[in-house]
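Each remark here refers to the structure printed beneath this line.
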Amino acid sequence: MSMTMTQKIISAHCGGQPVHTGEIVLADVDLVMGNDITSPVAIREFKKHGFRQVFNKEKVALVLDHFVPCKDIASAKQCKEVREFADEQKICHFFDAGETGIEHALLPEKGLARSGSLIVGADSHTCTYGALGAFSTGMGSTDMAFAMVTGKTWLRVPPAICFVIKNSLSEWVGGKDVILYILARIGVGGARYKSMEFCGDGLSSLSIDDRFTIANMAIEAGAKNGIFETDEITENYEMEKGNETVPCSVGGMPDYEETYELNLADIKPMVAMPHSPDNVVPADTLGEVRIDQAVIGSCTNGRLSDLAVAAKILKGKKVHPRCRTIIIPATQRIYLEALNSGMIDTFIRAGCVVSTPTCGPCLGGHMGILADGERAISTTNRNFVGRMGHTGSEVWLSGPAVAAASAIAGKIVLPDKGDK
Amino acid sequence: MLIRERIIKYGDNIDTDVIIPARYLNTADENELAKHCMEDIDPCFHEKLKTGSIIVAGGNFGCGSSREHAPIAIKASGAACVIAKDFARIFFRNAINIGLPIVECPEAVIESSEHDEFIVDLDNGVLKNLTKDKRYIIQPFPDFLQKIINSGGLMNMAEELVWEAKV
């Protein structure tokens, strides 16, 4: 029986011997990442135990992205702790306001998340880099501290579910709709402790951004990681970053727990209703759902291609006067490219608020907080109770096309309808 | 470790956002976090803790964010233990790493009611519902996790590893 893609990467990071489902191993990490919420806890653990040095200052990435520029004194204190630690440890990949971006868009953009690598991060959406054929997984702060000290992490070798992808996506359907469709099928606990592995002929029709979005929300099914086979699209992306692709493919006959066939042509624009990311229905089956706010951004859907979809729909239009619309480019570079291509002009003329990169509204941290009874459509990844503010508010999840069209209509609609 | 307490019962998919909402993540102070623990799902949580401190929940407890603030808040609130049908992966790691006792036992969850009195005997791997007069065997943790627990947490193990590497 051959190993799954995930198992192959884990094996390569703990001596090269085959690894087996359920086994616990101590694996080498290529990169350990933390943000302004999770790093302070890790830094305190690091110091409390008397450690003086991180294992490798080139393999630690610290990204201030949740609360910067800081929203209050308490968060400023947290960011200061991380800043001082980065300075004292001479961390090579430290990103602060002005150069920062949402961690899971920023690290691949900087070429730091690579195919074949093993990455752990103190943020649950660290699974995003599986889009490039990496093993990447989210952990807590103590795990982050352990990896910063030892260069290693403990892993229980996961079993896997395989998704064989066929055909190609229809108009206005993207990676977000694919992952919401999968969540509808397997549920928020459907891949708990498991890997989600993506392969098949249809991969060639999924852009690298679509793959980032899908891998990003593997955690929403409870998965340890999501991982894509590498192909020409991966190679082109890696080449652009000056990296070589470490090929990753299913090959052989891994013992998958389940195999799903996923026909991309069947997938419509999807919406996750409150209060769970698996409470998913096709957008065209909803009745009238009025909205007070639309958010387009986050580590799930704040990339240039997401903004381009929104700009295409919003061009020459006005957002509904009752619908505050917030656009958040995921990184400074995306912001600049959106500016140079005229998208930011389009957004502002349409009546949108355009923000510096931040995770803010996605987790109800700051900016775009909802009051009791308010409802938002959002391209973010979670719609738990109180996620974006008051426990009496609602978050409905969609891709950028539905979110932009809905912003114009003031209610959840399909792009075609909103585009009239 | 032997815990004898009454239980507070919750349902499936209790996520980290309701265990400790993000609006309080501008601090890592455990006492501050404890003040807001579970407030979005159960404003009476702290009142209930006065009569019993074992949290019993359904499946996928702790799903969502990687925030270690969630098990920290539970532990600092004074909860002695969490028993669930099963735990979300990251929450499970975090709880082990910081030393919050957790037990996976679906039968005990299904057969229990709010305020039942439990005995959790972690050393002997036994769970008892005294009110319902039921006894359950707790599946032991794998050796590696037992080693983390015995080391007194993951960072103590880090000290041992770094020390071994230097010798």
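The chains in the structure tokens are called A, B, ... from first to last as shown; in each chain the residues are counted from 1, and the ligands are counted from 1 in the order shown.
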Proximal residues of chain A relative to chain B (only C-alpha atoms; 8 Å) as JSON, numbers by chain: {"A": [24, 37, 38, 40, 41, 45, 46, 49, 74, 75, 78, 122, 123, 124, 138, 139, 140, 141, 142, 143, 145, 146, 149, 150, 189, 192, 193, 219, 220, 222, 223, 224, 363, 364, 365, 366, 384, 385, 386, 387, 391]}
DSSP strand (DSSP E) selection over chain B, as a PyMOL selection string: chain B and resi 2-9+54-57+81-84+102-104+117-121+126-129+134-137
Selection file, C-alpha atoms, as a compact mmCIF listing (two decimals), in the first residue's frame:
# COMPACT_ATOMS: atom_id res chain seq x y z
CA LEU B 2 -9.12 12.20 40.59
CA ILE B 3 -11.94 14.65 39.93
CA ARG B 4 -15.36 14.43 41.61
CA GLU B 5 -17.74 17.13 40.38
CA ARG B 6 -21.15 17.76 38.85
CA ILE B 7 -21.43 18.36 35.12
CA ILE B 8 -22.47 21.26 32.92
CA LYS B 9 -23.77 19.97 29.61
CA ILE B 54 -16.91 19.22 34.60
CA ILE B 55 -17.91 20.34 31.11
CA VAL B 56 -19.65 17.62 29.12
CA ALA B 57 -20.22 18.23 25.42
CA CYS B 81 -12.13 18.63 33.00
CA VAL B 82 -13.89 18.46 29.62
CA ILE B 83 -15.61 15.24 28.59
CA ALA B 84 -16.83 15.14 24.98
CA ILE B 102 -9.84 16.05 28.49
CA VAL B 103 -11.66 12.77 28.02
CA GLU B 104 -13.30 11.32 24.90
CA GLU B 117 -22.22 13.81 39.46
CA PHE B 118 -19.13 12.26 37.89
CA ILE B 119 -15.86 10.80 39.07
CA VAL B 120 -13.02 11.09 36.56
CA ASP B 121 -10.10 8.86 37.52
CA VAL B 126 -12.16 5.11 34.67
CA LEU B 127 -15.13 7.41 34.41
CA LYS B 128 -18.16 7.05 36.70
CA ASN B 129 -21.55 8.70 36.55
CA LYS B 134 -22.73 3.94 35.23
CA ARG B 135 -19.07 3.14 34.75
CA TYR B 136 -16.96 3.70 31.64
CA ILE B 137 -13.42 2.82 30.61
Which of chain B fall in alpha helix (DSSP H), as a PyMOL selection string: chain B and resi 16-19+30-35+45-49+69-77+89-98+106-110+143-151+154-166
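Atom pair CA of His20 (chain A) / CA of Val250 (chain A) has a distance of 15.8 Å (rounded to one decimal).
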Straight-line distance linking CA of Lys241 (chain A) with CA of Leu336 (chain A), stated in Å to one decimal: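 CA of Leu336 (chain A) lies at a distance of 17.9 Å from CA of Lys241 (chain A).
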